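Novice: Quick one, work_25.cif (mmCIF, C-alpha atoms and all ligand atoms):
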```cif
data_final
loop_
_atom_site.group_PDB
_atom_site.id
_atom_site.type_symbol
_atom_site.label_atom_id
_atom_site.label_comp_id
_atom_site.auth_asym_id
_atom_site.auth_seq_id
_atom_site.Cartn_x
_atom_site.Cartn_y
_atom_site.Cartn_z
ATOM 1 C CA MET G 1 0.000 0.000 0.000
ATOM 2 C CA ASP G 2 1.282 3.509 -0.854
ATOM 3 C CA TYR G 3 0.925 5.181 2.532
ATOM 4 C CA SER G 4 2.332 8.543 1.457
ATOM 5 C CA GLU G 5 -0.339 8.720 -1.270
ATOM 6 C CA LEU G 6 -2.972 7.880 1.379
ATOM 7 C CA ARG G 7 -1.632 10.754 3.503
ATOM 8 C CA ARG G 8 -1.858 13.173 0.559
ATOM 9 C CA GLU G 9 -5.416 11.976 -0.041
ATOM 10 C CA MET G 10 -6.240 12.443 3.658
ATOM 11 C CA VAL G 11 -5.015 16.053 3.522
ATOM 12 C CA ARG G 12 -6.807 16.760 0.233
ATOM 13 C CA THR G 13 -10.179 15.260 1.180
ATOM 14 C CA GLN G 14 -10.396 15.618 4.979
ATOM 15 C CA LEU G 15 -8.253 18.562 6.120
ATOM 16 C CA LEU G 16 -8.215 21.216 3.362
ATOM 17 C CA PRO G 17 -12.007 21.206 2.725
ATOM 18 C CA ARG G 18 -12.654 21.659 6.460
ATOM 19 C CA GLY G 19 -10.435 24.697 6.684
ATOM 20 C CA ILE G 20 -7.049 23.518 7.925
ATOM 21 C CA THR G 21 -4.656 26.128 6.507
ATOM 22 C CA ASP G 22 -1.496 26.106 8.665
ATOM 23 C CA ARG G 23 1.223 24.898 6.285
ATOM 24 C CA ARG G 24 3.348 23.486 9.109
ATOM 25 C CA VAL G 25 0.426 21.423 10.416
ATOM 26 C CA ILE G 26 -0.325 20.114 6.929
ATOM 27 C CA ASP G 27 3.335 19.169 6.397
ATOM 28 C CA ALA G 28 3.408 17.304 9.731
ATOM 29 C CA MET G 29 0.224 15.411 8.799
ATOM 30 C CA LEU G 30 1.825 14.525 5.441
ATOM 31 C CA LYS G 31 4.941 13.265 7.200
ATOM 32 C CA VAL G 32 3.918 11.274 10.307
ATOM 33 C CA PRO G 33 3.248 7.582 9.418
ATOM 34 C CA ARG G 34 -0.183 7.230 11.080
ATOM 35 C CA HIS G 35 -0.488 3.593 9.910
ATOM 36 C CA LEU G 36 2.287 2.602 12.334
ATOM 37 C CA PHE G 37 0.277 3.938 15.300
ATOM 38 C CA VAL G 38 -2.562 1.412 14.811
ATOM 39 C CA GLY G 39 -2.490 -2.389 15.018
ATOM 40 C CA GLU G 40 -1.542 -4.299 11.867
ATOM 41 C CA ALA G 41 -5.121 -5.466 11.262
ATOM 42 C CA LEU G 42 -6.293 -1.832 11.023
ATOM 43 C CA ARG G 43 -3.415 -0.472 8.965
ATOM 44 C CA HIS G 44 -5.441 -0.321 5.747
ATOM 45 C CA ARG G 45 -7.933 1.971 7.540
ATOM 46 C CA ALA G 46 -5.349 4.206 9.253
ATOM 47 C CA TYR G 47 -6.042 7.193 6.962
ATOM 48 C CA ASP G 48 -9.843 6.867 7.050
ATOM 49 C CA ASP G 49 -11.884 9.851 8.226
ATOM 50 C CA CYS G 50 -12.549 8.471 11.715
ATOM 51 C CA ALA G 51 -11.084 7.508 15.082
ATOM 52 C CA LEU G 52 -9.901 3.874 15.361
ATOM 53 C CA PRO G 53 -9.543 1.503 18.327
ATOM 54 C CA ILE G 54 -6.076 1.014 19.835
ATOM 55 C CA GLY G 55 -7.017 -1.484 22.566
ATOM 56 C CA GLU G 56 -8.109 -1.126 26.221
ATOM 57 C CA GLY G 57 -11.264 0.653 24.991
ATOM 58 C CA GLN G 58 -9.193 3.642 23.802
ATOM 59 C CA THR G 59 -8.830 5.302 20.400
ATOM 60 C CA ILE G 60 -6.471 7.118 18.060
ATOM 61 C CA SER G 61 -8.261 10.371 17.202
ATOM 62 C CA GLN G 62 -9.689 11.171 13.761
ATOM 63 C CA PRO G 63 -7.046 12.849 11.514
ATOM 64 C CA TYR G 64 -9.094 16.059 11.211
ATOM 65 C CA MET G 65 -9.398 16.310 15.003
ATOM 66 C CA VAL G 66 -5.611 15.939 15.373
ATOM 67 C CA ALA G 67 -5.076 18.625 12.730
ATOM 68 C CA VAL G 68 -7.576 21.124 14.138
ATOM 69 C CA MET G 69 -6.341 20.755 17.716
ATOM 70 C CA THR G 70 -2.753 21.156 16.548
ATOM 71 C CA GLU G 71 -3.627 24.217 14.455
ATOM 72 C CA LEU G 72 -5.394 25.828 17.444
ATOM 73 C CA LEU G 73 -2.168 25.483 19.471
ATOM 74 C CA GLU G 74 -0.392 27.892 17.065
ATOM 75 C CA LEU G 75 3.009 26.264 17.440
ATOM 76 C CA ASP G 76 6.044 28.032 16.050
ATOM 77 C CA GLY G 77 8.705 25.479 16.954
ATOM 78 C CA ASP G 78 10.024 26.710 20.271
ATOM 79 C CA GLU G 79 7.333 25.536 22.689
ATOM 80 C CA ARG G 80 7.275 23.040 25.538
ATOM 81 C CA VAL G 81 3.961 21.213 25.145
ATOM 82 C CA LEU G 82 2.069 19.027 27.620
ATOM 83 C CA GLU G 83 -0.288 16.455 26.089
ATOM 84 C CA ILE G 84 -2.736 14.605 28.350
ATOM 85 C CA GLY G 85 -3.803 11.244 26.884
ATOM 86 C CA THR G 86 -0.865 9.770 24.926
ATOM 87 C CA GLY G 87 -2.970 6.943 23.458
ATOM 88 C CA SER G 88 -1.220 5.638 20.339
ATOM 89 C CA GLY G 89 1.403 8.418 20.431
ATOM 90 C CA TYR G 90 0.293 9.775 17.022
ATOM 91 C CA GLN G 91 -0.738 13.220 18.256
ATOM 92 C CA ALA G 92 2.504 13.420 20.239
ATOM 93 C CA ALA G 93 4.475 12.703 17.050
ATOM 94 C CA VAL G 94 2.617 15.455 15.175
ATOM 95 C CA LEU G 95 3.329 17.861 18.042
ATOM 96 C CA ALA G 96 6.977 16.775 18.109
ATOM 97 C CA GLU G 97 7.316 17.844 14.455
ATOM 98 C CA LEU G 98 6.160 21.352 15.375
ATOM 99 C CA ALA G 99 7.363 22.122 18.903
ATOM 100 C CA ARG G 100 10.625 21.937 20.853
ATOM 101 C CA GLU G 101 9.605 19.386 23.499
ATOM 102 C CA VAL G 102 6.513 17.274 24.097
ATOM 103 C CA PHE G 103 5.652 15.879 27.533
ATOM 104 C CA THR G 104 2.835 13.370 27.199
ATOM 105 C CA ILE G 105 1.053 11.498 29.971
ATOM 106 C CA GLU G 106 -1.143 8.388 29.760
ATOM 107 C CA ARG G 107 -3.003 6.637 32.577
ATOM 108 C CA ILE G 108 -2.911 3.127 31.061
ATOM 109 C CA GLU G 109 0.609 1.769 31.408
ATOM 110 C CA ASP G 110 0.530 -0.769 28.526
ATOM 111 C CA ILE G 111 -0.647 1.888 26.084
ATOM 112 C CA ALA G 112 1.995 4.346 27.298
ATOM 113 C CA LYS G 113 4.801 1.791 26.945
ATOM 114 C CA ARG G 114 3.735 0.852 23.419
ATOM 115 C CA ALA G 115 3.610 4.506 22.363
ATOM 116 C CA GLU G 116 6.953 5.244 23.997
ATOM 117 C CA ALA G 117 8.677 2.372 22.164
ATOM 118 C CA LEU G 118 7.219 3.381 18.804
ATOM 119 C CA LEU G 119 8.111 7.049 19.224
ATOM 120 C CA ARG G 120 11.660 6.037 20.134
ATOM 121 C CA ASP G 121 11.899 3.703 17.106
ATOM 122 C CA LEU G 122 10.738 6.541 14.860
ATOM 123 C CA GLY G 123 13.469 8.794 16.275
ATOM 124 C CA TYR G 124 11.306 11.262 18.215
ATOM 125 C CA ASP G 125 13.872 12.157 20.856
ATOM 126 C CA ASN G 126 11.992 15.313 21.926
ATOM 127 C CA VAL G 127 8.975 13.390 23.303
ATOM 128 C CA TYR G 128 8.887 12.276 26.952
ATOM 129 C CA VAL G 129 6.198 9.742 27.900
ATOM 130 C CA PHE G 130 4.861 9.511 31.478
ATOM 131 C CA VAL G 131 2.408 7.101 33.110
ATOM 132 C CA GLY G 132 -0.074 8.620 35.546
ATOM 133 C CA ASP G 133 -3.134 10.770 36.093
ATOM 134 C CA GLY G 134 -2.747 13.620 33.616
ATOM 135 C CA THR G 135 -5.567 15.635 35.207
ATOM 136 C CA LYS G 136 -2.911 16.722 37.720
ATOM 137 C CA GLY G 137 -0.507 17.753 34.964
ATOM 138 C CA LEU G 138 3.230 17.373 35.455
ATOM 139 C CA PRO G 139 4.106 19.880 38.180
ATOM 140 C CA ASP G 140 7.777 18.855 38.214
ATOM 141 C CA TYR G 141 8.153 19.861 34.551
ATOM 142 C CA ALA G 142 5.851 22.920 34.502
ATOM 143 C CA PRO G 143 5.352 25.563 33.270
ATOM 144 C CA PHE G 144 4.324 24.695 29.722
ATOM 145 C CA ASP G 145 3.651 26.973 26.743
ATOM 146 C CA ARG G 146 0.830 24.794 25.470
ATOM 147 C CA ILE G 147 -1.426 22.132 27.011
ATOM 148 C CA LEU G 148 -3.511 19.756 24.912
ATOM 149 C CA ILE G 149 -6.075 17.428 26.505
ATOM 150 C CA THR G 150 -7.021 14.599 24.134
ATOM 151 C CA ALA G 151 -9.828 13.062 26.222
ATOM 152 C CA GLY G 152 -13.245 14.509 27.033
ATOM 153 C CA THR G 153 -13.333 16.493 30.260
ATOM 154 C CA PRO G 154 -16.212 18.036 32.264
ATOM 155 C CA GLU G 155 -14.028 21.135 32.744
ATOM 156 C CA ILE G 156 -10.441 22.225 32.426
ATOM 157 C CA PRO G 157 -8.730 21.432 35.739
ATOM 158 C CA GLU G 158 -7.506 24.524 37.623
ATOM 159 C CA VAL G 159 -4.257 22.741 38.389
ATOM 160 C CA LEU G 160 -3.510 22.595 34.644
ATOM 161 C CA LYS G 161 -4.295 26.282 34.182
ATOM 162 C CA LYS G 162 -1.658 27.003 36.841
ATOM 163 C CA GLN G 163 0.933 24.978 34.897
ATOM 164 C CA LEU G 164 0.560 27.215 31.815
ATOM 165 C CA ASN G 165 2.862 30.144 31.026
ATOM 166 C CA ASP G 166 1.468 33.628 30.499
ATOM 167 C CA GLY G 167 0.384 33.916 26.859
ATOM 168 C CA GLY G 168 0.030 30.123 26.739
ATOM 169 C CA ILE G 169 -2.805 28.156 25.141
ATOM 170 C CA ILE G 170 -4.879 25.199 26.353
ATOM 171 C CA VAL G 171 -6.981 23.184 23.891
ATOM 172 C CA ALA G 172 -9.419 20.587 25.241
ATOM 173 C CA PRO G 173 -12.707 18.810 24.430
ATOM 174 C CA VAL G 174 -15.076 20.013 27.174
ATOM 175 C CA GLY G 175 -18.580 18.683 27.816
ATOM 176 C CA SER G 176 -20.429 15.536 28.843
ATOM 177 C CA LYS G 177 -19.092 11.984 28.811
ATOM 178 C CA TYR G 178 -20.641 11.436 25.371
ATOM 179 C CA SER G 179 -20.145 14.682 23.457
ATOM 180 C CA GLN G 180 -17.976 17.731 23.798
ATOM 181 C CA GLN G 181 -16.879 20.943 22.122
ATOM 182 C CA LEU G 182 -13.280 22.002 21.554
ATOM 183 C CA PHE G 183 -12.403 24.872 23.887
ATOM 184 C CA ARG G 184 -9.371 27.073 23.454
ATOM 185 C CA LEU G 185 -8.187 29.074 26.463
ATOM 186 C CA ILE G 186 -5.546 31.777 26.108
ATOM 187 C CA LYS G 187 -3.857 32.888 29.324
ATOM 188 C CA LYS G 188 -3.469 36.646 29.866
ATOM 189 C CA GLY G 189 -1.905 37.315 33.250
ATOM 190 C CA HIS G 190 -4.271 35.757 35.766
ATOM 191 C CA SER G 191 -7.281 35.548 33.443
ATOM 192 C CA PHE G 192 -8.255 33.419 30.473
ATOM 193 C CA LYS G 193 -9.927 34.267 27.203
ATOM 194 C CA THR G 194 -12.144 31.324 26.138
ATOM 195 C CA GLU G 195 -13.082 30.438 22.564
ATOM 196 C CA TYR G 196 -15.464 27.702 21.443
ATOM 197 C CA HIS G 197 -14.648 25.612 18.400
ATOM 198 C CA THR G 198 -15.873 22.408 16.734
ATOM 199 C CA PRO G 199 -18.202 19.819 18.374
ATOM 200 C CA CYS G 200 -16.452 16.488 18.966
ATOM 201 C CA VAL G 201 -16.619 13.092 20.687
ATOM 202 C CA PHE G 202 -13.686 11.826 22.750
ATOM 203 C CA VAL G 203 -13.284 8.982 25.234
ATOM 204 C CA PRO G 204 -13.517 10.331 28.810
ATOM 205 C CA LEU G 205 -10.654 11.853 30.777
ATOM 206 C CA ILE G 206 -10.617 9.730 33.927
ATOM 207 C CA GLY G 207 -8.864 10.960 37.014
ATOM 208 C CA GLU G 208 -8.932 13.099 40.116
ATOM 209 C CA TYR G 209 -9.960 16.280 38.244
ATOM 210 C CA GLY G 210 -11.802 14.562 35.385
ATOM 211 C CA TRP G 211 -14.496 11.885 35.359
ATOM 212 C CA LYS G 212 -14.542 9.187 38.023
ATOM 213 C CA GLU G 213 -14.006 5.649 36.729
HETATM 214 N N1 LIG V 1 -3.730 11.474 21.628
HETATM 215 C C1 LIG V 1 -4.045 10.105 21.357
HETATM 216 C C2 LIG V 1 -3.504 9.594 20.063
HETATM 217 O O1 LIG V 1 -2.881 10.373 19.318
HETATM 218 O O2 LIG V 1 -3.656 8.404 19.791
HETATM 219 C C3 LIG V 1 -5.514 9.801 21.466
HETATM 220 C C4 LIG V 1 -5.963 9.866 22.853
HETATM 221 S S1 LIG V 1 -7.364 8.876 23.271
HETATM 222 C C5 LIG V 1 -8.646 9.691 22.427
HETATM 223 C C6 LIG V 1 -7.505 9.377 24.975
HETATM 224 C C7 LIG V 1 -6.446 8.798 25.876
HETATM 225 O O3 LIG V 1 -6.507 9.488 27.129
HETATM 226 C C8 LIG V 1 -6.641 7.325 26.179
HETATM 227 O O4 LIG V 1 -5.490 6.595 25.839
HETATM 228 C C9 LIG V 1 -6.893 7.307 27.682
HETATM 229 O O5 LIG V 1 -6.397 6.161 28.340
HETATM 230 C C10 LIG V 1 -6.178 8.566 28.130
HETATM 231 N N2 LIG V 1 -6.602 9.119 29.418
HETATM 232 C C11 LIG V 1 -7.843 9.180 29.953
HETATM 233 N N3 LIG V 1 -7.795 9.778 31.158
HETATM 234 C C12 LIG V 1 -6.490 10.107 31.395
HETATM 235 C C13 LIG V 1 -5.790 10.733 32.469
HETATM 236 N N4 LIG V 1 -6.394 11.181 33.566
HETATM 237 N N5 LIG V 1 -4.451 10.888 32.337
HETATM 238 C C14 LIG V 1 -3.791 10.466 31.257
HETATM 239 N N6 LIG V 1 -4.389 9.845 30.211
HETATM 240 C C15 LIG V 1 -5.721 9.682 30.277
#
```
Can the structure from this file be put into structure tokens for me?
Specialist:
Amino acid sequence: MDYSELRREMVRTQLLPRGITDRRVIDAMLKVPRHLFVGEALRHRAYDDCALPIGEGQTISQPYMVAVMTELLELDGDERVLEIGTGSGYQAAVLAELAREVFTIERIEDIAKRAEALLRDLGYDNVYVFVGDGTKGLPDYAPFDRILITAGTPEIPEVLKKQLNDGGIIVAPVGSKYSQQLFRLIKKGHSFKTEYHTPCVFVPLIGEYGWKE
């Protein structure tokens, strides 16, 4: 299968018509081999316009969702980014193409270890994978310039807002357990400007400041 042609097709049919315009985001989506982040049996569907299962009831997000969340982060290459919900590691790889360092945290150890090994094999030496409850952030490594939550949350935990630099951006799917909307928060001193973007459906963020199991 010609995976680079499938990536070009994905960009042409799923990202450009829905308004993704950031050239750096498009180039990262053209480059990262998404098919390696799903199990072999699903490889032929890796570039389909949907989320796919990765085991343990979790998912790799739809390509468009990865692109739009990444675009909203407005990365210029020098940022330290915190991602909550490593999953397959695909979003972390896209972020690693566009930012200086990516700290990514996953609550399910097996999933985290698999993602860590793949990211290492692919040469992403600016991604650091942690196992734990990402709703608490990573206080030992804070502050971050950007925070991306890739699981659905009832609200954005205050503790994460505190781990963001002034001028920083948080992007997260906020809402119920079954449907959410992408929120973008921009930190200005001690206050936040909130914007509301596309509706979406993510698996729940489970943890102390998210949903209970
Ligand atoms: N970013 C991922 C990717 O590129 O494949 C997709 C993430 S998947 C939609 C959501 C992930 O968040 C799941 O792997 C889930 O186990 C994880 N998760 C849920 N609650 C979490 C928490 N409190 N801390 C860290 N990870 C969490």
Novice: As an exercise, work out the distance from CA of Pro139 (chain G) to atom C13 of ligand LIG 1 (chain V) in Å and give it to one decimal place.
Specialist: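 According to the coordinates, CA of Pro139 (chain G) and atom C13 of ligand LIG 1 (chain V) are separated by 14.6 Å.
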Novice: Apply the PyMOL selection byres (((chain G and resi 52) around 12) and not hetatm) to the file shown and report the selected residues as a ChimeraX atom specification.
Specialist: /G:34-35,37-39,41-51,53-55,57-63,87-88,90,202-203
Novice: Which distance in Å separates atom O5 of ligand LIG 1 (chain V) and CA of Gly134 (chain G), to one decimal?
Specialist: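 According to the coordinates, atom O5 of ligand LIG 1 (chain V) and CA of Gly134 (chain G) are separated by 9.8 Å.
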Novice: What's the separation between CA of Leu118 (chain G) and CA of Tyr141 (chain G), in Å to one decimal place?
Specialist: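 Result for CA of Leu118 (chain G) versus CA of Tyr141 (chain G): 22.8 Å, one decimal.
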Novice: If the limit is 9 Å from any atom of ligand LIG 1 (chain V), counting only C-alpha atoms and all ligand atoms, which residues qualify? Return them as a PDB file with C-alpha atoms, in the coordinates of the input.
Specialist:
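Contents of the output file result-v9.pdb:
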```pdb
ATOM      1  CA  PHE G  37       0.277   3.938  15.300  1.00  0.00           C
ATOM      2  CA  VAL G  38      -2.562   1.412  14.811  1.00  0.00           C
ATOM      3  CA  ALA G  51     -11.084   7.508  15.082  1.00  0.00           C
ATOM      4  CA  LEU G  52      -9.901   3.874  15.361  1.00  0.00           C
ATOM      5  CA  ILE G  54      -6.076   1.014  19.835  1.00  0.00           C
ATOM      6  CA  GLY G  55      -7.017  -1.484  22.566  1.00  0.00           C
ATOM      7  CA  GLU G  56      -8.109  -1.126  26.221  1.00  0.00           C
ATOM      8  CA  GLY G  57     -11.264   0.653  24.991  1.00  0.00           C
ATOM      9  CA  GLN G  58      -9.193   3.642  23.802  1.00  0.00           C
ATOM     10  CA  THR G  59      -8.830   5.302  20.400  1.00  0.00           C
ATOM     11  CA  ILE G  60      -6.471   7.118  18.060  1.00  0.00           C
ATOM     12  CA  SER G  61      -8.261  10.371  17.202  1.00  0.00           C
ATOM     13  CA  GLN G  62      -9.689  11.171  13.761  1.00  0.00           C
ATOM     14  CA  VAL G  66      -5.611  15.939  15.373  1.00  0.00           C
ATOM     15  CA  GLU G  83      -0.288  16.455  26.089  1.00  0.00           C
ATOM     16  CA  ILE G  84      -2.736  14.605  28.350  1.00  0.00           C
ATOM     17  CA  GLY G  85      -3.803  11.244  26.884  1.00  0.00           C
ATOM     18  CA  THR G  86      -0.865   9.770  24.926  1.00  0.00           C
ATOM     19  CA  GLY G  87      -2.970   6.943  23.458  1.00  0.00           C
ATOM     20  CA  SER G  88      -1.220   5.638  20.339  1.00  0.00           C
ATOM     21  CA  GLY G  89       1.403   8.418  20.431  1.00  0.00           C
ATOM     22  CA  TYR G  90       0.293   9.775  17.022  1.00  0.00           C
ATOM     23  CA  GLN G  91      -0.738  13.220  18.256  1.00  0.00           C
ATOM     24  CA  ALA G  92       2.504  13.420  20.239  1.00  0.00           C
ATOM     25  CA  ALA G  93       4.475  12.703  17.050  1.00  0.00           C
ATOM     26  CA  VAL G  94       2.617  15.455  15.175  1.00  0.00           C
ATOM     27  CA  THR G 104       2.835  13.370  27.199  1.00  0.00           C
ATOM     28  CA  ILE G 105       1.053  11.498  29.971  1.00  0.00           C
ATOM     29  CA  GLU G 106      -1.143   8.388  29.760  1.00  0.00           C
ATOM     30  CA  ARG G 107      -3.003   6.637  32.577  1.00  0.00           C
ATOM     31  CA  ILE G 108      -2.911   3.127  31.061  1.00  0.00           C
ATOM     32  CA  GLU G 109       0.609   1.769  31.408  1.00  0.00           C
ATOM     33  CA  ILE G 111      -0.647   1.888  26.084  1.00  0.00           C
ATOM     34  CA  ALA G 112       1.995   4.346  27.298  1.00  0.00           C
ATOM     35  CA  ALA G 115       3.610   4.506  22.363  1.00  0.00           C
ATOM     36  CA  PHE G 130       4.861   9.511  31.478  1.00  0.00           C
ATOM     37  CA  VAL G 131       2.408   7.101  33.110  1.00  0.00           C
ATOM     38  CA  GLY G 132      -0.074   8.620  35.546  1.00  0.00           C
ATOM     39  CA  ASP G 133      -3.134  10.770  36.093  1.00  0.00           C
ATOM     40  CA  GLY G 134      -2.747  13.620  33.616  1.00  0.00           C
ATOM     41  CA  THR G 135      -5.567  15.635  35.207  1.00  0.00           C
ATOM     42  CA  LYS G 136      -2.911  16.722  37.720  1.00  0.00           C
ATOM     43  CA  GLY G 137      -0.507  17.753  34.964  1.00  0.00           C
ATOM     44  CA  LEU G 148      -3.511  19.756  24.912  1.00  0.00           C
ATOM     45  CA  ILE G 149      -6.075  17.428  26.505  1.00  0.00           C
ATOM     46  CA  THR G 150      -7.021  14.599  24.134  1.00  0.00           C
ATOM     47  CA  ALA G 151      -9.828  13.062  26.222  1.00  0.00           C
ATOM     48  CA  GLY G 152     -13.245  14.509  27.033  1.00  0.00           C
ATOM     49  CA  THR G 153     -13.333  16.493  30.260  1.00  0.00           C
ATOM     50  CA  VAL G 201     -16.619  13.092  20.687  1.00  0.00           C
ATOM     51  CA  PHE G 202     -13.686  11.826  22.750  1.00  0.00           C
ATOM     52  CA  VAL G 203     -13.284   8.982  25.234  1.00  0.00           C
ATOM     53  CA  PRO G 204     -13.517  10.331  28.810  1.00  0.00           C
ATOM     54  CA  LEU G 205     -10.654  11.853  30.777  1.00  0.00           C
ATOM     55  CA  ILE G 206     -10.617   9.730  33.927  1.00  0.00           C
ATOM     56  CA  GLY G 207      -8.864  10.960  37.014  1.00  0.00           C
ATOM     57  CA  GLU G 208      -8.932  13.099  40.116  1.00  0.00           C
ATOM     58  CA  TYR G 209      -9.960  16.280  38.244  1.00  0.00           C
ATOM     59  CA  GLY G 210     -11.802  14.562  35.385  1.00  0.00           C
ATOM     60  CA  TRP G 211     -14.496  11.885  35.359  1.00  0.00           C
TER      61      TRP G 211
END
```
Novice: Show me, as a list in words, the residues that have an atom within 7 Å of Leu73 (chain G) when counting only C-alpha atoms, minus same-chain residues fewer than 2 positions from it.
Specialist: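 Listed by chain and then number, they are Met69, Thr70, Glu71, Leu75, Arg146, Ile169 and Val171 of chain G.
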Novice: Measuring atom to atom with only C-alpha atoms, identify which of G:Glu116, G:Glu9, G:Glu155, G:Asp145 is nearest to Asp78 (chain G).
Specialist: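 Ranked by minimum distance to Asp78 (chain G), first place goes to G:Asp145.
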Novice: Assuming the chain letters and numbering stay as they are in my file, what does the PyMOL selection byres (((chain G and resi 28) around 10) and not hetatm) actually select? List them as a VMD selection string.
Specialist: chain G and resid 23 to 27 29 to 33 67 70 93 to 98
Novice: Around (-7.1, 29.3, 27.1) in the file's own coordinates, what residues are found within 9 Å if you use only C-alpha atoms, given back as a list in words?
Specialist: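 Taken together, the residues in range are Lys161, Gly167, Gly168, Ile169, Ile170, Val171, Phe183, Arg184, Leu185, Ile186, Lys187, Lys188, Ser191, Phe192, Lys193, Thr194 and Glu195 of chain G.
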Novice: G:Tyr124, G:Tyr3, G:Tyr178, G:Phe103: which is nearest Cys200 (chain G), counting only C-alpha atoms?
Specialist: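 Checking each candidate against Cys200 (chain G), we get G:Tyr178 as the closest.
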Novice: Using only C-alpha atoms, find the one residue out of G:Leu16, G:Arg7, G:Leu182, G:Pro199 that sits nearest to Ile156 (chain G).
Specialist: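 Nearest candidate to Ile156 (chain G) out of G:Leu16, G:Arg7, G:Leu182, G:Pro199: G:Leu182.
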Novice: Please write a file for region 165-180 of chain G, taken from the block I just shared, that holds N, CA and C atoms and is laid out as a CSV table (one decimal), in the first residue's frame.
Specialist:
```
chain,number,residue,atom,x,y,z
G,165,ASN,N,2.2,28.8,31.1
G,165,ASN,CA,2.9,30.1,31.0
G,165,ASN,C,1.9,31.2,30.6
G,166,ASP,N,2.2,32.5,31.0
G,166,ASP,CA,1.5,33.6,30.5
G,166,ASP,C,1.5,33.7,29.0
G,167,GLY,N,0.4,33.9,28.3
G,167,GLY,CA,0.4,33.9,26.9
G,167,GLY,C,0.2,32.5,26.3
G,168,GLY,N,0.2,31.5,27.2
G,168,GLY,CA,0.0,30.1,26.7
G,168,GLY,C,-1.4,29.8,26.3
G,169,ILE,N,-1.5,28.6,25.7
G,169,ILE,CA,-2.8,28.2,25.1
G,169,ILE,C,-3.1,26.8,25.6
G,170,ILE,N,-4.4,26.6,26.1
G,170,ILE,CA,-4.9,25.2,26.4
G,170,ILE,C,-6.0,24.9,25.3
G,171,VAL,N,-5.9,23.7,24.8
G,171,VAL,CA,-7.0,23.2,23.9
G,171,VAL,C,-7.5,21.9,24.5
G,172,ALA,N,-8.8,21.8,24.6
G,172,ALA,CA,-9.4,20.6,25.2
G,172,ALA,C,-10.9,20.4,24.8
G,173,PRO,N,-11.3,19.1,24.7
G,173,PRO,CA,-12.7,18.8,24.4
G,173,PRO,C,-13.5,18.9,25.8
G,174,VAL,N,-14.4,19.8,25.9
G,174,VAL,CA,-15.1,20.0,27.2
G,174,VAL,C,-16.6,19.7,27.0
G,175,GLY,N,-17.2,19.0,27.9
G,175,GLY,CA,-18.6,18.7,27.8
G,175,GLY,C,-19.0,17.5,28.6
G,176,SER,N,-19.9,16.7,28.1
G,176,SER,CA,-20.4,15.5,28.8
G,176,SER,C,-19.5,14.3,28.5
G,177,LYS,N,-19.9,13.2,29.1
G,177,LYS,CA,-19.1,12.0,28.8
G,177,LYS,C,-19.2,11.5,27.4
G,178,TYR,N,-20.3,12.0,26.7
G,178,TYR,CA,-20.6,11.4,25.4
G,178,TYR,C,-20.5,12.4,24.2
G,179,SER,N,-20.4,13.7,24.5
G,179,SER,CA,-20.1,14.7,23.5
G,179,SER,C,-19.5,15.9,24.1
G,180,GLN,N,-18.7,16.6,23.3
G,180,GLN,CA,-18.0,17.7,23.8
G,180,GLN,C,-17.8,18.8,22.7
```
